[in-house]
Amino acid sequence: MFEHYYTENPTSPLKVRELVLKLKNAHEYRFKSASGVYAYKRIDKATRILIEHLIVDGRSVLDLGCGYGVIGIVLKKENPDLEVYMSDVNKRAVKFAKINAKDNNVSVDIRQGDGYEPWKGMKFDMIVMNPPIAAGKEVWMRLIREAKDHLNTGGSLQVVAFHNKGGSRIKKFMDEVFENVEDVWKEGGIRIYRSVLKMSDTK
């Protein structure tokens, strides 16, 4: 039976791998990845591109759908002054994100829950996401729509996706929700889309 990674309690037998990430002019990272969690076998190209080319806006960032923690952990290590928050619906992902944060010597706030449920009443300067396209459009549309309620004025939502594999629809929907969207980076069919919460959206 197929079970995608946007699952609270994965039922697949637990298998663990150790992955190494080395970015240009950055620290070397080691991550323990687990079966039933996104990108178990390797750190995917879209995640690498998002880490290397997103625009750092402000001081606080939410890594939404953090998986085993690659994006949030690297952002904190390379930008020590950032306040980094991370969450995932997948309990196994959260467990390994906490292990990886400790192993890579970073202090971040990691919580388990669906979407923004763990962050009620909180707002951020940035929300970053490699969206769970496999979970269906209702899920990723909800995460984009509800981002407006969790961004400070002038804050940004930055999403990475393959443009021809659902990304074009994501970009269009971000434009509908925020009334603005830009391509921050394009590489190998992958794009980073960025929308900003304007003053008028908070009224």
# chains A, B, ... in the order shown; residues from 1 in each chain; ligands from 1

call {"tool": "residues_around", "arguments": {"residues": "range 167-184 of chain A", "least_positions_apart": "2", "cutoff": "10 Å", "atoms": "only C-alpha atoms", "output": "PyMOL selection string"}}
result
chain A and resi 50+53-55+131+133+137+140-141+144-148+156-165+186+189-198+201

call {"tool": "residues_around", "arguments": {"residues": "Ile110 in chain A", "least_positions_apart": "6", "cutoff": "8 Å", "atoms": "only C-alpha atoms", "output": "list in words"}}
result
Tyr85, Met86, Ser87, Val94, Ala97 and Lys98 of chain A

call {"tool": "select_by_dssp", "arguments": {"residues": "range 21-181 of chain A", "states": "alpha helix (DSSP H)", "output": "NGL selection string"}}
result
:A and (45-53 or 70-78 or 91-103 or 137-147 or 168-178)

call {"tool": "residues_around", "arguments": {"residues": "Leu82 in chain A", "least_positions_apart": "4", "cutoff": "7 Å", "atoms": "only C-alpha atoms", "output": "PyMOL selection string"}}
result
chain A and resi 59-60+76

call {"tool": "select_by_dssp", "arguments": {"residues": "range 135-179 of chain A", "states": "strand (DSSP E or B)", "output": "JSON, numbers by chain"}}
result
{"A": [151, 152, 153, 154, 155, 156, 157, 158, 159, 160, 161, 162]}

call {"tool": "write_last_selection", "arguments": {"atoms": "N, CA and C atoms", "output": "PDB file, in the first residue's frame"}}
result
ATOM      1  N   LEU A 151       2.529  35.437   8.830  1.00  0.00           N
ATOM      2  CA  LEU A 151       3.638  36.283   8.389  1.00  0.00           C
ATOM      3  C   LEU A 151       3.494  37.687   8.963  1.00  0.00           C
ATOM      4  N   ASN A 152       4.606  38.268   9.361  1.00  0.00           N
ATOM      5  CA  ASN A 152       4.624  39.678   9.713  1.00  0.00           C
ATOM      6  C   ASN A 152       4.511  40.506   8.438  1.00  0.00           C
ATOM      7  N   THR A 153       4.056  41.739   8.563  1.00  0.00           N
ATOM      8  CA  THR A 153       3.985  42.621   7.406  1.00  0.00           C
ATOM      9  C   THR A 153       5.370  42.769   6.772  1.00  0.00           C
ATOM     10  N   GLY A 154       5.440  42.566   5.463  1.00  0.00           N
ATOM     11  CA  GLY A 154       6.711  42.605   4.765  1.00  0.00           C
ATOM     12  C   GLY A 154       7.429  41.270   4.749  1.00  0.00           C
ATOM     13  N   GLY A 155       6.859  40.303   5.449  1.00  0.00           N
ATOM     14  CA  GLY A 155       7.449  38.970   5.480  1.00  0.00           C
ATOM     15  C   GLY A 155       7.184  38.215   4.185  1.00  0.00           C
ATOM     16  N   SER A 156       7.936  37.147   3.964  1.00  0.00           N
ATOM     17  CA  SER A 156       7.836  36.437   2.696  1.00  0.00           C
ATOM     18  C   SER A 156       7.552  34.958   2.876  1.00  0.00           C
ATOM     19  N   LEU A 157       6.833  34.412   1.907  1.00  0.00           N
ATOM     20  CA  LEU A 157       6.675  32.977   1.739  1.00  0.00           C
ATOM     21  C   LEU A 157       7.541  32.574   0.559  1.00  0.00           C
ATOM     22  N   GLN A 158       8.454  31.623   0.761  1.00  0.00           N
ATOM     23  CA  GLN A 158       9.336  31.172  -0.317  1.00  0.00           C
ATOM     24  C   GLN A 158       9.177  29.666  -0.496  1.00  0.00           C
ATOM     25  N   VAL A 159       8.814  29.278  -1.706  1.00  0.00           N
ATOM     26  CA  VAL A 159       8.464  27.903  -2.017  1.00  0.00           C
ATOM     27  C   VAL A 159       9.325  27.425  -3.183  1.00  0.00           C
ATOM     28  N   VAL A 160       9.845  26.209  -3.093  1.00  0.00           N
ATOM     29  CA  VAL A 160      10.636  25.634  -4.173  1.00  0.00           C
ATOM     30  C   VAL A 160       9.875  24.478  -4.800  1.00  0.00           C
ATOM     31  N   ALA A 161       9.950  24.370  -6.127  1.00  0.00           N
ATOM     32  CA  ALA A 161       9.249  23.289  -6.827  1.00  0.00           C
ATOM     33  C   ALA A 161       9.767  23.170  -8.253  1.00  0.00           C
ATOM     34  N   PHE A 162       9.545  21.993  -8.849  1.00  0.00           N
ATOM     35  CA  PHE A 162       9.802  21.821 -10.278  1.00  0.00           C
ATOM     36  C   PHE A 162       8.678  22.535 -11.027  1.00  0.00           C
TER      37      PHE A 162
END

call {"tool": "closest_residue", "arguments": {"among": "A:Ile51, A:Leu14, A:Val20, A:Ile127", "to": "Ala34 in chain A", "atoms": "only C-alpha atoms"}}
result
A:Leu14

call {"tool": "residues_around", "arguments": {"residues": "Tyr29 in chain A", "least_positions_apart": "3", "cutoff": "7 Å", "atoms": "only C-alpha atoms", "output": "PDB file with N, CA and C atoms, in the first residue's frame"}}
result
ATOM      1  N   VAL A  20      25.401  13.099   3.831  1.00  0.00           N
ATOM      2  CA  VAL A  20      26.347  14.201   4.007  1.00  0.00           C
ATOM      3  C   VAL A  20      25.976  15.326   3.044  1.00  0.00           C
ATOM      4  N   LEU A  21      25.968  16.538   3.548  1.00  0.00           N
ATOM      5  CA  LEU A  21      25.690  17.714   2.726  1.00  0.00           C
ATOM      6  C   LEU A  21      26.845  18.684   2.847  1.00  0.00           C
ATOM      7  N   LYS A  22      27.426  19.037   1.712  1.00  0.00           N
ATOM      8  CA  LYS A  22      28.499  20.035   1.687  1.00  0.00           C
ATOM      9  C   LYS A  22      28.137  21.096   0.667  1.00  0.00           C
ATOM     10  N   ASN A 104      24.204  18.385  14.776  1.00  0.00           N
ATOM     11  CA  ASN A 104      24.855  19.483  14.051  1.00  0.00           C
ATOM     12  C   ASN A 104      25.029  20.733  14.913  1.00  0.00           C
TER      13      ASN A 104
END

call {"tool": "decode", "arguments": {"residues": "range 79-126 of chain A", "atoms": "C-alpha atoms", "output": "mmCIF file, in the first residue's frame"}}
result
data_model
loop_
_atom_site.group_PDB
_atom_site.id
_atom_site.type_symbol
_atom_site.label_atom_id
_atom_site.label_comp_id
_atom_site.auth_asym_id
_atom_site.auth_seq_id
_atom_site.Cartn_x
_atom_site.Cartn_y
_atom_site.Cartn_z
ATOM 1 C CA ASN A 79 22.920 32.432 10.011
ATOM 2 C CA PRO A 80 23.360 32.152 13.799
ATOM 3 C CA ASP A 81 21.274 35.264 14.519
ATOM 4 C CA LEU A 82 18.186 33.779 12.867
ATOM 5 C CA GLU A 83 15.382 32.480 15.062
ATOM 6 C CA VAL A 84 14.519 29.172 13.409
ATOM 7 C CA TYR A 85 11.284 27.254 13.909
ATOM 8 C CA MET A 86 10.560 23.901 12.283
ATOM 9 C CA SER A 87 7.557 21.600 12.113
ATOM 10 C CA ASP A 88 6.181 18.576 10.300
ATOM 11 C CA VAL A 89 3.010 16.511 10.470
ATOM 12 C CA ASN A 90 5.146 13.350 10.363
ATOM 13 C CA LYS A 91 6.164 12.226 13.862
ATOM 14 C CA ARG A 92 9.106 10.227 12.539
ATOM 15 C CA ALA A 93 10.368 13.299 10.675
ATOM 16 C CA VAL A 94 10.197 15.426 13.814
ATOM 17 C CA LYS A 95 12.057 12.797 15.844
ATOM 18 C CA PHE A 96 14.928 12.738 13.357
ATOM 19 C CA ALA A 97 14.938 16.530 12.892
ATOM 20 C CA LYS A 98 15.567 16.830 16.628
ATOM 21 C CA ILE A 99 18.362 14.227 16.439
ATOM 22 C CA ASN A 100 19.968 16.064 13.510
ATOM 23 C CA ALA A 101 19.725 19.472 15.182
ATOM 24 C CA LYS A 102 21.599 18.082 18.189
ATOM 25 C CA ASP A 103 24.168 16.283 16.028
ATOM 26 C CA ASN A 104 24.855 19.483 14.051
ATOM 27 C CA ASN A 105 25.021 21.634 17.193
ATOM 28 C CA VAL A 106 22.191 24.040 16.459
ATOM 29 C CA SER A 107 19.432 25.317 18.716
ATOM 30 C CA VAL A 108 16.059 25.427 16.946
ATOM 31 C CA ASP A 109 12.414 25.057 17.986
ATOM 32 C CA ILE A 110 10.993 21.849 16.450
ATOM 33 C CA ARG A 111 7.345 20.844 16.853
ATOM 34 C CA GLN A 112 4.994 18.206 15.478
ATOM 35 C CA GLY A 113 1.633 19.038 13.941
ATOM 36 C CA ASP A 114 -0.382 19.527 10.772
ATOM 37 C CA GLY A 115 0.362 22.745 8.934
ATOM 38 C CA TYR A 116 0.410 25.768 11.223
ATOM 39 C CA GLU A 117 -1.320 24.006 14.116
ATOM 40 C CA PRO A 118 1.839 24.035 16.295
ATOM 41 C CA TRP A 119 2.250 27.792 15.751
ATOM 42 C CA LYS A 120 -1.114 29.238 16.792
ATOM 43 C CA GLY A 121 -0.785 32.950 17.494
ATOM 44 C CA MET A 122 2.763 33.138 16.129
ATOM 45 C CA LYS A 123 4.025 35.113 13.149
ATOM 46 C CA PHE A 124 7.307 34.955 11.256
ATOM 47 C CA ASP A 125 9.399 37.082 8.916
ATOM 48 C CA MET A 126 9.845 34.132 6.551
#
